[in-house]
Amino acid sequence: MAMTLRFSVVIPCYNEAGYVGEAIRSLQRQDFDGAYEIVVVDNNCTDDTAQIARDLGVRVVTEAAPGVCNAREAGTVASRGEIVISADADTTYPPDWLSKIDRGFRSGDDVVLVVGPCRYADGPRWGRIFARSLFGAVHGIYRATGRTLYVTATNIAFRRDRWTGYDVHLTQGGDELDLLRRMRHEGRVVYDHTNPTFTSGRRFTRGFFYNVVVCLFVFYLSAYALNRVTGRRVIGSAPAFRDSRRRRPSGRLRLAAAGLVATLVLFAFQQPRAYLAEKAGNAVSYVQQHTDLDDIRW
């Protein structure tokens, strides 16, 4: 008789040879005494990521459609655990991480999602302060209201039998904001502030401007909102960060990013009624009919 797996940890990968080994080894050092598996998703890697994972004894599945939501979808479908955990290749996990997740689910039969914070293991000081401030606010709101307003895709665990799938039209935010939105309708969400993950700060090496203007406002918030409303990828994924060398974006890139943000702001204030009237009715009625106010998170 096959052993029932309690957890499946799914790690989507695109050229993560420099990080995935340590991520896997940290997961293999867990003190959890139940059965679990690690599933690495090869999302068009051209380096040794998949071979490193196989050499460490974990299962590798392949997903040709690019994008983190496609990769997490494929890994979840291929996995076998009763609880699926979203992890990242550039992140390490404390030895008691799975045990604390298990404790969260055992706190009640109505629990469908257990989440925690992430901290940056390196990178500039402002990035580490930002993460601690963000999840400090998430923790404070959770304690006051019982609601979790934000999650990190490095630290999400959900019951397979209550999972409704990833929206593969989405890019950044689809594997955390949209998953949280969906699962909140299925049951209770537990936020454990004592169970952090430790992720690479490599994304901050291009500086404050690039991360706040380009990554946060364009490739995260704007992409999530527009792609979700239109049901297609109006804005694609952000460029991948695969080294930790400090880089300053060129003046041309900074100018282009500022122009794109200005265009998006003008669109947001001047065009949505006409655009959505043509596509799916006006923006106000769309929000009222399809989005709960409690689901709007910034």
# chains A, B, ... in the order shown; residues from 1 in each chain; ligands from 1
>>> residues_around(residues="Arg6 in chain A", least_positions_apart="3", cutoff="7 Å", atoms="only C-alpha atoms", output="list in words")
Gly34, Ala35, Tyr36, Gly81, Glu82 and Ile83 of chain A
>>> write_last_selection(atoms="C-alpha atoms", output="CSV table (one decimal), in the first residue's frame")
chain,number,residue,atom,x,y,z
A,34,GLY,CA,5.4,12.7,8.0
A,35,ALA,CA,5.7,11.9,4.3
A,36,TYR,CA,6.2,14.6,1.8
A,81,GLY,CA,0.1,15.3,-1.5
A,82,GLU,CA,-3.1,16.2,0.3
A,83,ILE,CA,-1.7,19.6,1.0
>>> residues_around(residues="Thr199 in chain A", least_positions_apart="3", cutoff="6 Å", atoms="only C-alpha atoms", output="list in words")
Asp90, Thr91, Tyr120 and Ala121 of chain A
>>> atom_distance(atom1="CA of Pro117 in chain A", atom2="CA of Val40 in chain A")
21.8 Å
>>> residues_around(residues="Gln30 in chain A", least_positions_apart="5", cutoff="12 Å", atoms="only C-alpha atoms", output="list in words")
Val9, Ala23, Ile24, Arg25, Ala35, Tyr36, Glu37, Ile38, Thr92, Tyr93, Pro94, Pro95, Asp96, Trp97, Leu98, Ser99, Lys100 and Ile101 of chain A
>>> select_by_dssp(residues="range 9-140 of chain A", states="strand (DSSP E)", output="MDAnalysis selection string")
chainID A and resid 9:13 36:42 59:62 83:86 91:92 111:115 118:120
>>> write_last_selection(atoms="C-alpha atoms", output="mmCIF file, in the first residue's frame")
data_model
loop_
_atom_site.group_PDB
_atom_site.id
_atom_site.type_symbol
_atom_site.label_atom_id
_atom_site.label_comp_id
_atom_site.auth_asym_id
_atom_site.auth_seq_id
_atom_site.Cartn_x
_atom_site.Cartn_y
_atom_site.Cartn_z
ATOM 1 C CA VAL A 9 6.247 21.190 -2.145
ATOM 2 C CA VAL A 10 6.141 22.656 -5.670
ATOM 3 C CA ILE A 11 9.102 24.723 -6.921
ATOM 4 C CA PRO A 12 8.755 26.413 -10.343
ATOM 5 C CA CYS A 13 12.110 27.014 -12.032
ATOM 6 C CA TYR A 36 6.220 14.643 1.798
ATOM 7 C CA GLU A 37 7.588 15.145 -1.697
ATOM 8 C CA ILE A 38 9.421 17.906 -3.526
ATOM 9 C CA VAL A 39 8.376 18.614 -7.119
ATOM 10 C CA VAL A 40 10.548 20.842 -9.303
ATOM 11 C CA VAL A 41 8.937 22.276 -12.441
ATOM 12 C CA ASP A 42 11.320 22.815 -15.360
ATOM 13 C CA ARG A 59 10.912 14.639 -8.982
ATOM 14 C CA VAL A 60 11.108 16.937 -12.005
ATOM 15 C CA VAL A 61 8.165 17.710 -14.276
ATOM 16 C CA THR A 62 8.255 19.816 -17.419
ATOM 17 C CA ILE A 83 -1.666 19.635 0.957
ATOM 18 C CA VAL A 84 0.269 21.473 -1.761
ATOM 19 C CA ILE A 85 2.860 24.087 -0.852
ATOM 20 C CA SER A 86 4.027 26.904 -3.095
ATOM 21 C CA THR A 91 14.491 30.630 -1.150
ATOM 22 C CA THR A 92 15.588 28.528 1.826
ATOM 23 C CA VAL A 111 -8.528 25.797 7.509
ATOM 24 C CA VAL A 112 -7.845 25.718 3.755
ATOM 25 C CA LEU A 113 -4.768 27.936 3.523
ATOM 26 C CA VAL A 114 -1.740 28.399 5.781
ATOM 27 C CA VAL A 115 0.678 31.204 4.924
ATOM 28 C CA CYS A 118 9.236 36.030 3.764
ATOM 29 C CA ARG A 119 12.423 37.833 4.659
ATOM 30 C CA TYR A 120 15.273 38.767 2.370
#
>>> residues_around(residues="Tyr19 in chain A", least_positions_apart="2", cutoff="12 Å", atoms="only C-alpha atoms", output="ChimeraX atom specification")
/A:11,13-17,21-26,47-50,52-53,88-92,199-200,202,241-244
>>> closest_residue(among="A:Val213, A:Glu73, A:Ala87, A:Val189", to="Ala153 in chain A", atoms="only C-alpha atoms")
A:Ala87
>>> atom_distance(atom1="CA of Asn44 in chain A", atom2="CA of Ala74 in chain A")
12.9 Å
